[in-house]
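File shown here: input-v3.cif, holding mmCIF, N, CA and C atoms.
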```cif
data_input
#
loop_
_atom_site.group_PDB
_atom_site.id
_atom_site.type_symbol
_atom_site.label_atom_id
_atom_site.label_comp_id
_atom_site.auth_asym_id
_atom_site.auth_seq_id
_atom_site.Cartn_x
_atom_site.Cartn_y
_atom_site.Cartn_z
ATOM 1 N N MET A 28 0.844 -1.175 0.000
ATOM 2 C CA MET A 28 0.000 0.000 0.000
ATOM 3 C C MET A 28 0.891 1.240 0.000
ATOM 4 N N THR A 29 0.586 2.191 -0.862
ATOM 5 C CA THR A 29 1.385 3.414 -0.939
ATOM 6 C C THR A 29 1.026 4.355 0.210
ATOM 7 N N ARG A 30 1.850 5.367 0.408
ATOM 8 C CA ARG A 30 1.583 6.359 1.451
ATOM 9 C C ARG A 30 0.260 7.080 1.157
ATOM 10 N N VAL A 31 0.041 7.430 -0.092
ATOM 11 C CA VAL A 31 -1.213 8.096 -0.464
ATOM 12 C C VAL A 31 -2.406 7.211 -0.112
ATOM 13 N N GLU A 32 -2.327 5.938 -0.422
ATOM 14 C CA GLU A 32 -3.417 5.007 -0.107
ATOM 15 C C GLU A 32 -3.628 4.875 1.400
ATOM 16 N N ARG A 33 -2.528 4.829 2.161
ATOM 17 C CA ARG A 33 -2.652 4.748 3.630
ATOM 18 C C ARG A 33 -3.331 5.999 4.192
ATOM 19 N N ILE A 34 -2.917 7.153 3.693
ATOM 20 C CA ILE A 34 -3.486 8.411 4.164
ATOM 21 C C ILE A 34 -4.965 8.494 3.781
ATOM 22 N N GLU A 35 -5.291 8.148 2.544
ATOM 23 C CA GLU A 35 -6.694 8.163 2.113
ATOM 24 C C GLU A 35 -7.545 7.258 2.994
ATOM 25 N N SER A 36 -7.062 6.066 3.242
ATOM 26 C CA SER A 36 -7.796 5.100 4.058
ATOM 27 C C SER A 36 -8.021 5.625 5.470
ATOM 28 N N LEU A 37 -6.987 6.144 6.080
ATOM 29 C CA LEU A 37 -7.084 6.665 7.444
ATOM 30 C C LEU A 37 -8.047 7.847 7.511
ATOM 31 N N LEU A 38 -7.921 8.778 6.582
ATOM 32 C CA LEU A 38 -8.779 9.959 6.614
ATOM 33 C C LEU A 38 -10.235 9.614 6.306
ATOM 34 N N GLN A 39 -10.461 8.656 5.416
ATOM 35 C CA GLN A 39 -11.829 8.203 5.162
ATOM 36 C C GLN A 39 -12.441 7.649 6.446
ATOM 37 N N LYS A 40 -11.671 6.854 7.151
ATOM 38 C CA LYS A 40 -12.143 6.224 8.389
ATOM 39 C C LYS A 40 -12.398 7.250 9.497
ATOM 40 N N GLU A 41 -11.468 8.176 9.680
ATOM 41 C CA GLU A 41 -11.528 9.103 10.815
ATOM 42 C C GLU A 41 -12.384 10.345 10.570
ATOM 43 N N LEU A 42 -12.473 10.795 9.312
ATOM 44 C CA LEU A 42 -13.156 12.050 9.032
ATOM 45 C C LEU A 42 -14.465 11.899 8.262
ATOM 46 N N SER A 43 -14.694 10.748 7.653
ATOM 47 C CA SER A 43 -15.869 10.545 6.792
ATOM 48 C C SER A 43 -16.098 11.757 5.888
ATOM 49 N N PRO A 44 -15.089 12.128 5.111
ATOM 50 C CA PRO A 44 -15.200 13.345 4.306
ATOM 51 C C PRO A 44 -16.224 13.210 3.179
ATOM 52 N N VAL A 45 -16.838 14.346 2.834
ATOM 53 C CA VAL A 45 -17.719 14.364 1.665
ATOM 54 C C VAL A 45 -16.893 14.526 0.400
ATOM 55 N N LEU A 46 -15.679 15.031 0.561
ATOM 56 C CA LEU A 46 -14.743 15.166 -0.551
ATOM 57 C C LEU A 46 -13.330 15.003 -0.009
ATOM 58 N N LEU A 47 -12.538 14.179 -0.670
ATOM 59 C CA LEU A 47 -11.159 13.940 -0.243
ATOM 60 C C LEU A 47 -10.293 13.748 -1.480
ATOM 61 N N ASN A 48 -9.194 14.473 -1.514
ATOM 62 C CA ASN A 48 -8.230 14.347 -2.597
ATOM 63 C C ASN A 48 -6.835 14.354 -1.977
ATOM 64 N N VAL A 49 -6.123 13.238 -2.085
ATOM 65 C CA VAL A 49 -4.771 13.121 -1.542
ATOM 66 C C VAL A 49 -3.835 12.915 -2.724
ATOM 67 N N VAL A 50 -2.838 13.805 -2.854
ATOM 68 C CA VAL A 50 -1.956 13.799 -4.015
ATOM 69 C C VAL A 50 -0.498 13.796 -3.576
ATOM 70 N N ASN A 51 0.272 12.950 -4.208
ATOM 71 C CA ASN A 51 1.719 12.939 -4.017
ATOM 72 C C ASN A 51 2.310 13.952 -4.993
ATOM 73 N N PHE A 52 2.923 15.017 -4.470
ATOM 74 C CA PHE A 52 3.553 15.992 -5.357
ATOM 75 C C PHE A 52 5.071 16.030 -5.166
ATOM 76 N N SER A 53 5.617 14.903 -4.759
ATOM 77 C CA SER A 53 7.058 14.799 -4.547
ATOM 78 C C SER A 53 7.845 15.040 -5.830
ATOM 79 N N HIS A 54 7.257 14.667 -6.969
ATOM 80 C CA HIS A 54 7.950 14.828 -8.248
ATOM 81 C C HIS A 54 8.255 16.288 -8.572
ATOM 82 N N GLU A 55 7.640 17.232 -7.869
ATOM 83 C CA GLU A 55 7.901 18.654 -8.075
ATOM 84 C C GLU A 55 9.142 19.123 -7.313
ATOM 85 N N HIS A 56 9.788 18.203 -6.604
ATOM 86 C CA HIS A 56 10.939 18.544 -5.768
ATOM 87 C C HIS A 56 12.146 17.699 -6.156
ATOM 88 N N ASN A 57 13.269 18.066 -5.622
ATOM 89 C CA ASN A 57 14.510 17.370 -5.907
ATOM 90 C C ASN A 57 14.648 16.164 -4.974
ATOM 91 N N VAL A 58 13.872 15.111 -5.283
ATOM 92 C CA VAL A 58 13.877 13.884 -4.492
ATOM 93 C C VAL A 58 13.997 12.701 -5.445
ATOM 94 N N PRO A 59 14.386 11.537 -4.951
ATOM 95 C CA PRO A 59 14.491 10.365 -5.832
ATOM 96 C C PRO A 59 13.141 10.017 -6.471
ATOM 97 N N GLU A 60 13.205 9.498 -7.672
ATOM 98 C CA GLU A 60 12.002 9.080 -8.378
ATOM 99 C C GLU A 60 11.237 8.066 -7.533
ATOM 100 N N GLY A 61 9.920 8.202 -7.496
ATOM 101 C CA GLY A 61 9.081 7.290 -6.730
ATOM 102 C C GLY A 61 8.887 7.691 -5.277
ATOM 103 N N SER A 62 9.477 8.809 -4.869
ATOM 104 C CA SER A 62 9.343 9.258 -3.477
ATOM 105 C C SER A 62 7.907 9.636 -3.160
ATOM 106 N N GLU A 63 7.549 9.473 -1.912
ATOM 107 C CA GLU A 63 6.254 9.927 -1.395
ATOM 108 C C GLU A 63 6.508 10.775 -0.155
ATOM 109 N N SER A 64 7.296 11.814 -0.332
ATOM 110 C CA SER A 64 7.695 12.652 0.793
ATOM 111 C C SER A 64 6.904 13.951 0.884
ATOM 112 N N HIS A 65 6.209 14.323 -0.182
ATOM 113 C CA HIS A 65 5.438 15.564 -0.232
ATOM 114 C C HIS A 65 3.997 15.212 -0.607
ATOM 115 N N ILE A 66 3.079 15.474 0.316
ATOM 116 C CA ILE A 66 1.685 15.076 0.119
ATOM 117 C C ILE A 66 0.770 16.285 0.293
ATOM 118 N N ARG A 67 -0.194 16.388 -0.600
ATOM 119 C CA ARG A 67 -1.206 17.441 -0.551
ATOM 120 C C ARG A 67 -2.543 16.785 -0.200
ATOM 121 N N VAL A 68 -3.237 17.348 0.806
ATOM 122 C CA VAL A 68 -4.539 16.829 1.215
ATOM 123 C C VAL A 68 -5.577 17.942 1.085
ATOM 124 N N PHE A 69 -6.608 17.657 0.316
ATOM 125 C CA PHE A 69 -7.778 18.524 0.222
ATOM 126 C C PHE A 69 -8.930 17.721 0.800
ATOM 127 N N ALA A 70 -9.615 18.280 1.809
ATOM 128 C CA ALA A 70 -10.705 17.534 2.447
ATOM 129 C C ALA A 70 -11.838 18.461 2.861
ATOM 130 N N VAL A 71 -13.042 17.953 2.698
ATOM 131 C CA VAL A 71 -14.242 18.623 3.178
ATOM 132 C C VAL A 71 -14.934 17.633 4.106
ATOM 133 N N SER A 72 -15.140 18.049 5.365
ATOM 134 C CA SER A 72 -15.716 17.139 6.358
ATOM 135 C C SER A 72 -16.495 17.906 7.414
ATOM 136 N N LYS A 73 -17.535 17.275 7.909
ATOM 137 C CA LYS A 73 -18.285 17.869 9.022
ATOM 138 C C LYS A 73 -17.427 17.905 10.288
ATOM 139 N N GLU A 74 -16.382 17.095 10.344
ATOM 140 C CA GLU A 74 -15.498 17.063 11.520
ATOM 141 C C GLU A 74 -14.743 18.385 11.705
ATOM 142 N N PHE A 75 -14.711 19.220 10.673
ATOM 143 C CA PHE A 75 -14.027 20.510 10.766
ATOM 144 C C PHE A 75 -14.961 21.636 11.207
ATOM 145 N N GLU A 76 -16.251 21.337 11.368
ATOM 146 C CA GLU A 76 -17.220 22.362 11.789
ATOM 147 C C GLU A 76 -16.794 22.952 13.138
ATOM 148 N N GLY A 77 -16.796 24.264 13.204
ATOM 149 C CA GLY A 77 -16.483 24.957 14.455
ATOM 150 C C GLY A 77 -15.003 25.008 14.793
ATOM 151 N N LEU A 78 -14.148 24.443 13.941
ATOM 152 C CA LEU A 78 -12.701 24.463 14.198
ATOM 153 C C LEU A 78 -12.033 25.513 13.317
ATOM 154 N N ARG A 79 -11.179 26.301 13.923
ATOM 155 C CA ARG A 79 -10.381 27.251 13.138
ATOM 156 C C ARG A 79 -9.309 26.485 12.380
ATOM 157 N N VAL A 80 -8.698 27.139 11.438
ATOM 158 C CA VAL A 80 -7.715 26.496 10.562
ATOM 159 C C VAL A 80 -6.613 25.794 11.352
ATOM 160 N N VAL A 81 -6.082 26.430 12.364
ATOM 161 C CA VAL A 81 -4.986 25.840 13.143
ATOM 162 C C VAL A 81 -5.427 24.533 13.799
ATOM 163 N N LYS A 82 -6.636 24.496 14.341
ATOM 164 C CA LYS A 82 -7.115 23.266 14.978
ATOM 165 C C LYS A 82 -7.376 22.169 13.953
ATOM 166 N N ARG A 83 -7.807 22.546 12.770
ATOM 167 C CA ARG A 83 -7.989 21.554 11.703
ATOM 168 C C ARG A 83 -6.643 20.936 11.334
ATOM 169 N N HIS A 84 -5.634 21.783 11.200
ATOM 170 C CA HIS A 84 -4.291 21.291 10.876
ATOM 171 C C HIS A 84 -3.755 20.399 11.983
ATOM 172 N N ARG A 85 -3.943 20.809 13.229
ATOM 173 C CA ARG A 85 -3.486 19.981 14.357
ATOM 174 C C ARG A 85 -4.153 18.614 14.339
ATOM 175 N N LEU A 86 -5.440 18.577 14.010
ATOM 176 C CA LEU A 86 -6.156 17.312 13.916
ATOM 177 C C LEU A 86 -5.510 16.412 12.870
ATOM 178 N N LEU A 87 -5.187 16.968 11.706
ATOM 179 C CA LEU A 87 -4.544 16.159 10.656
ATOM 180 C C LEU A 87 -3.145 15.727 11.065
ATOM 181 N N TYR A 88 -2.387 16.622 11.701
ATOM 182 C CA TYR A 88 -1.044 16.254 12.159
ATOM 183 C C TYR A 88 -1.115 15.101 13.147
ATOM 184 N N THR A 89 -2.117 15.127 14.024
ATOM 185 C CA THR A 89 -2.293 14.042 14.987
ATOM 186 C C THR A 89 -2.645 12.742 14.272
ATOM 187 N N LEU A 90 -3.596 12.806 13.344
ATOM 188 C CA LEU A 90 -3.997 11.607 12.611
ATOM 189 C C LEU A 90 -2.852 11.032 11.789
ATOM 190 N N LEU A 91 -2.004 11.904 11.247
ATOM 191 C CA LEU A 91 -0.928 11.466 10.347
ATOM 192 C C LEU A 91 0.433 11.406 11.039
ATOM 193 N N LYS A 92 0.426 11.342 12.358
ATOM 194 C CA LYS A 92 1.662 11.323 13.145
ATOM 195 C C LYS A 92 2.636 10.231 12.687
ATOM 196 N N ASP A 93 2.138 9.027 12.472
ATOM 197 C CA ASP A 93 3.023 7.935 12.054
ATOM 198 C C ASP A 93 3.658 8.209 10.696
ATOM 199 N N GLU A 94 2.902 8.781 9.776
ATOM 200 C CA GLU A 94 3.448 9.114 8.457
ATOM 201 C C GLU A 94 4.500 10.219 8.575
ATOM 202 N N LEU A 95 4.213 11.217 9.405
ATOM 203 C CA LEU A 95 5.161 12.319 9.593
ATOM 204 C C LEU A 95 6.452 11.829 10.251
ATOM 205 N N ASN A 96 6.335 10.856 11.136
ATOM 206 C CA ASN A 96 7.526 10.288 11.778
ATOM 207 C C ASN A 96 8.218 9.254 10.894
ATOM 208 N N GLY A 97 7.553 8.865 9.805
ATOM 209 C CA GLY A 97 8.084 7.815 8.943
ATOM 210 C C GLY A 97 8.527 8.269 7.567
ATOM 211 N N GLY A 98 8.906 9.534 7.430
ATOM 212 C CA GLY A 98 9.465 9.983 6.155
ATOM 213 C C GLY A 98 8.644 10.987 5.388
ATOM 214 N N LEU A 99 7.434 11.295 5.836
ATOM 215 C CA LEU A 99 6.651 12.334 5.186
ATOM 216 C C LEU A 99 7.278 13.676 5.544
ATOM 217 N N HIS A 100 7.792 14.362 4.544
ATOM 218 C CA HIS A 100 8.561 15.585 4.752
ATOM 219 C C HIS A 100 7.686 16.838 4.714
ATOM 220 N N ALA A 101 6.728 16.870 3.790
ATOM 221 C CA ALA A 101 5.894 18.056 3.616
ATOM 222 C C ALA A 101 4.437 17.646 3.498
ATOM 223 N N LEU A 102 3.595 18.377 4.198
ATOM 224 C CA LEU A 102 2.163 18.104 4.193
ATOM 225 C C LEU A 102 1.442 19.411 3.911
ATOM 226 N N GLN A 103 0.840 19.511 2.741
ATOM 227 C CA GLN A 103 0.097 20.708 2.350
ATOM 228 C C GLN A 103 -1.389 20.428 2.571
ATOM 229 N N LEU A 104 -2.044 21.264 3.384
ATOM 230 C CA LEU A 104 -3.427 21.006 3.777
ATOM 231 C C LEU A 104 -4.369 22.102 3.298
ATOM 232 N N ASP A 105 -5.496 21.688 2.760
ATOM 233 C CA ASP A 105 -6.580 22.576 2.371
ATOM 234 C C ASP A 105 -7.852 21.920 2.906
ATOM 235 N N LEU A 106 -8.300 22.380 4.086
ATOM 236 C CA LEU A 106 -9.356 21.702 4.836
ATOM 237 C C LEU A 106 -10.567 22.602 5.015
ATOM 238 N N HIS A 107 -11.757 22.049 4.728
ATOM 239 C CA HIS A 107 -12.986 22.831 4.786
ATOM 240 C C HIS A 107 -14.061 22.078 5.547
ATOM 241 N N ALA A 108 -14.846 22.818 6.342
ATOM 242 C CA ALA A 108 -16.033 22.248 6.963
ATOM 243 C C ALA A 108 -17.086 22.089 5.872
ATOM 244 N N SER A 109 -17.946 21.108 6.024
ATOM 245 C CA SER A 109 -18.985 20.847 5.022
ATOM 246 C C SER A 109 -19.834 22.084 4.747
ATOM 247 N N SER A 110 -20.154 22.837 5.789
ATOM 248 C CA SER A 110 -21.002 24.017 5.626
ATOM 249 C C SER A 110 -20.307 25.145 4.866
ATOM 250 N N GLU A 111 -18.988 25.123 4.779
ATOM 251 C CA GLU A 111 -18.222 26.168 4.091
ATOM 252 C C GLU A 111 -18.024 25.877 2.607
ATOM 253 N N TRP A 112 -18.164 24.648 2.254
ATOM 254 C CA TRP A 112 -17.792 24.226 0.910
ATOM 255 C C TRP A 112 -18.758 24.763 -0.140
ATOM 256 N N ASN A 113 -18.194 25.403 -1.125
ATOM 257 C CA ASN A 113 -18.960 25.905 -2.262
ATOM 258 C C ASN A 113 -18.152 25.572 -3.504
ATOM 259 N N GLU A 114 -18.605 24.598 -4.252
ATOM 260 C CA GLU A 114 -17.850 24.117 -5.414
ATOM 261 C C GLU A 114 -17.521 25.216 -6.416
ATOM 262 N N GLN A 115 -18.346 26.260 -6.500
ATOM 263 C CA GLN A 115 -18.093 27.314 -7.466
ATOM 264 C C GLN A 115 -16.932 28.226 -7.056
ATOM 265 N N SER A 116 -16.645 28.294 -5.763
ATOM 266 C CA SER A 116 -15.626 29.238 -5.311
ATOM 267 C C SER A 116 -14.298 28.585 -4.955
ATOM 268 N N GLU A 117 -14.209 27.273 -5.008
ATOM 269 C CA GLU A 117 -12.986 26.574 -4.615
ATOM 270 C C GLU A 117 -12.402 25.809 -5.796
ATOM 271 N N THR A 118 -11.149 25.487 -5.678
ATOM 272 C CA THR A 118 -10.480 24.714 -6.718
ATOM 273 C C THR A 118 -9.669 23.604 -6.086
ATOM 274 N N LEU A 119 -9.487 22.532 -6.806
ATOM 275 C CA LEU A 119 -8.663 21.427 -6.326
ATOM 276 C C LEU A 119 -7.215 21.575 -6.774
ATOM 277 N N SER A 120 -6.878 22.643 -7.430
ATOM 278 C CA SER A 120 -5.528 22.832 -7.961
ATOM 279 C C SER A 120 -4.803 23.941 -7.235
ATOM 280 N N PRO A 121 -4.118 23.624 -6.128
ATOM 281 C CA PRO A 121 -3.358 24.652 -5.406
ATOM 282 C C PRO A 121 -2.175 25.084 -6.243
ATOM 283 N N PRO A 122 -1.568 26.222 -5.904
ATOM 284 C CA PRO A 122 -0.428 26.707 -6.675
ATOM 285 C C PRO A 122 0.746 25.738 -6.635
ATOM 286 N N LYS A 123 1.538 25.750 -7.680
ATOM 287 C CA LYS A 123 2.729 24.898 -7.764
ATOM 288 C C LYS A 123 3.762 25.372 -6.752
ATOM 289 N N CYS A 124 4.479 24.418 -6.182
ATOM 290 C CA CYS A 124 5.571 24.713 -5.263
ATOM 291 C C CYS A 124 6.733 25.279 -6.058
ATOM 292 N N LYS A 125 7.371 26.315 -5.536
ATOM 293 C CA LYS A 125 8.473 26.951 -6.249
ATOM 294 C C LYS A 125 9.832 26.462 -5.787
ATOM 295 N N GLY A 126 9.862 25.616 -4.759
ATOM 296 C CA GLY A 126 11.141 25.167 -4.206
ATOM 297 C C GLY A 126 11.675 23.909 -4.850
ATOM 298 N N GLY A 127 12.855 23.517 -4.447
ATOM 299 C CA GLY A 127 13.428 22.246 -4.839
ATOM 300 C C GLY A 127 14.119 22.210 -6.183
ATOM 301 N N GLU A 128 14.378 23.350 -6.770
ATOM 302 C CA GLU A 128 15.038 23.339 -8.082
ATOM 303 C C GLU A 128 16.477 23.754 -7.980
#
```
Give the structure from this file in structure tokens form.
Amino acid sequence: MTRVERIESLLQKELSPVLLNVVNFSHEHNVPEGSESHIRVFAVSKEFEGLRVVKRHRLLYTLLKDELNGGLHALQLDLHASSEWNEQSETLSPPKCKGGE
């Protein structure tokens, strides 16, 4: 199972998201081919209701603690409460990383 698959599985179980997109963007950095060190998570979940951005991030850091301790170098998070989500105003394509060249 890949890191992306492990993260997707864990987040599906813990957050029951209405929308989840987990992407390995390691290839945008100066890392060996096949690396899974840079992961982007986009999630919409009722579990984020009433939580400010920092608390949402802390929740993900806690859930992904084993991955972070096991070689996950960068975690880019875009987290929304279900009530905030508006498909017309959001995009699944965050800006490209400018580092690692």
So which one's closest to Ile66 (chain A), A:Ser36, A:Asn48, A:Ser43, A:Gln103? Using only C-alpha atoms, please.
->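 Closest residue, counting only C-alpha atoms: A:Gln103.
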Written as a ChimeraX atom specification, which residues does the PyMOL selection byres ((chain A and resi 70) around 8) give for the file shown?
-> /A:44-49,67-69,71-73,104-109
Identify all residues of region 36-106 of chain A in strand (DSSP E or B) (DSSP on the backbone) and supply them as a list in words.
->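 Output for region 36-106 of chain A, strand (DSSP E or B) only: Leu46, Leu47, Asn48, Val49, Val50, Asn51, His65, Ile66, Arg67, Val68, Phe69, Ala70, Val71, Ser72, Ala101, Leu102, Gln103, Leu104, Asp105 and Leu106 of chain A.
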Result set of the PyMOL selection byres (((chain A and resi 86 and name CA) around 12) and name CA) on the coordinates above, as a list in words = Leu38, Glu41, Leu42, Glu74, Phe75, Leu78, Arg79, Val80, Val81, Lys82, Arg83, His84, Arg85, Leu87, Tyr88, Thr89, Leu90, Leu91, Lys92, Leu104 and Leu106 of chain A
Interatomic distance between atom N of Gly98 (chain A) and atom C of Met28 (chain A)?
-> 13.7 Å
Grab the CA of Lys40 (chain A) to CA of Glu76 (chain A) distance for me, in Å with one decimal place.
-> 17.3 Å
Could you jot down the atom N of Gln39 (chain A) to atom C of Glu60 (chain A) separation for me, Å, one decimal place?
->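 Value for the atom N of Gln39 (chain A)-atom C of Glu60 (chain A) distance: 25.3 Å.
Once the PyMOL selection byres ((chain A and resi 64) around 8) is applied to the shown structure, the selection contains Asn51, Phe52, Ser53, His54, Gly61, Ser62, Glu63, His65, Ile66, Arg67, Gly98, Leu99, His100, Ala101 and Leu102 of chain A.
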Could you please take those selected residues and save N, CA and C atoms as a short mmCIF file (atom, residue, chain, number, x, y, z; two decimals), keeping the file's coordinate frame?
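In the end it all went to part26.cif:
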```
data_model
loop_
_atom_site.label_atom_id
_atom_site.label_comp_id
_atom_site.auth_asym_id
_atom_site.auth_seq_id
_atom_site.Cartn_x
_atom_site.Cartn_y
_atom_site.Cartn_z
N ASN A 51 0.27 12.95 -4.21
CA ASN A 51 1.72 12.94 -4.02
C ASN A 51 2.31 13.95 -4.99
N PHE A 52 2.92 15.02 -4.47
CA PHE A 52 3.55 15.99 -5.36
C PHE A 52 5.07 16.03 -5.17
N SER A 53 5.62 14.90 -4.76
CA SER A 53 7.06 14.80 -4.55
C SER A 53 7.84 15.04 -5.83
N HIS A 54 7.26 14.67 -6.97
CA HIS A 54 7.95 14.83 -8.25
C HIS A 54 8.26 16.29 -8.57
N GLY A 61 9.92 8.20 -7.50
CA GLY A 61 9.08 7.29 -6.73
C GLY A 61 8.89 7.69 -5.28
N SER A 62 9.48 8.81 -4.87
CA SER A 62 9.34 9.26 -3.48
C SER A 62 7.91 9.64 -3.16
N GLU A 63 7.55 9.47 -1.91
CA GLU A 63 6.25 9.93 -1.40
C GLU A 63 6.51 10.78 -0.16
N HIS A 65 6.21 14.32 -0.18
CA HIS A 65 5.44 15.56 -0.23
C HIS A 65 4.00 15.21 -0.61
N ILE A 66 3.08 15.47 0.32
CA ILE A 66 1.68 15.08 0.12
C ILE A 66 0.77 16.28 0.29
N ARG A 67 -0.19 16.39 -0.60
CA ARG A 67 -1.21 17.44 -0.55
C ARG A 67 -2.54 16.78 -0.20
N GLY A 98 8.91 9.53 7.43
CA GLY A 98 9.46 9.98 6.16
C GLY A 98 8.64 10.99 5.39
N LEU A 99 7.43 11.30 5.84
CA LEU A 99 6.65 12.33 5.19
C LEU A 99 7.28 13.68 5.54
N HIS A 100 7.79 14.36 4.54
CA HIS A 100 8.56 15.58 4.75
C HIS A 100 7.69 16.84 4.71
N ALA A 101 6.73 16.87 3.79
CA ALA A 101 5.89 18.06 3.62
C ALA A 101 4.44 17.65 3.50
N LEU A 102 3.60 18.38 4.20
CA LEU A 102 2.16 18.10 4.19
C LEU A 102 1.44 19.41 3.91
#
```
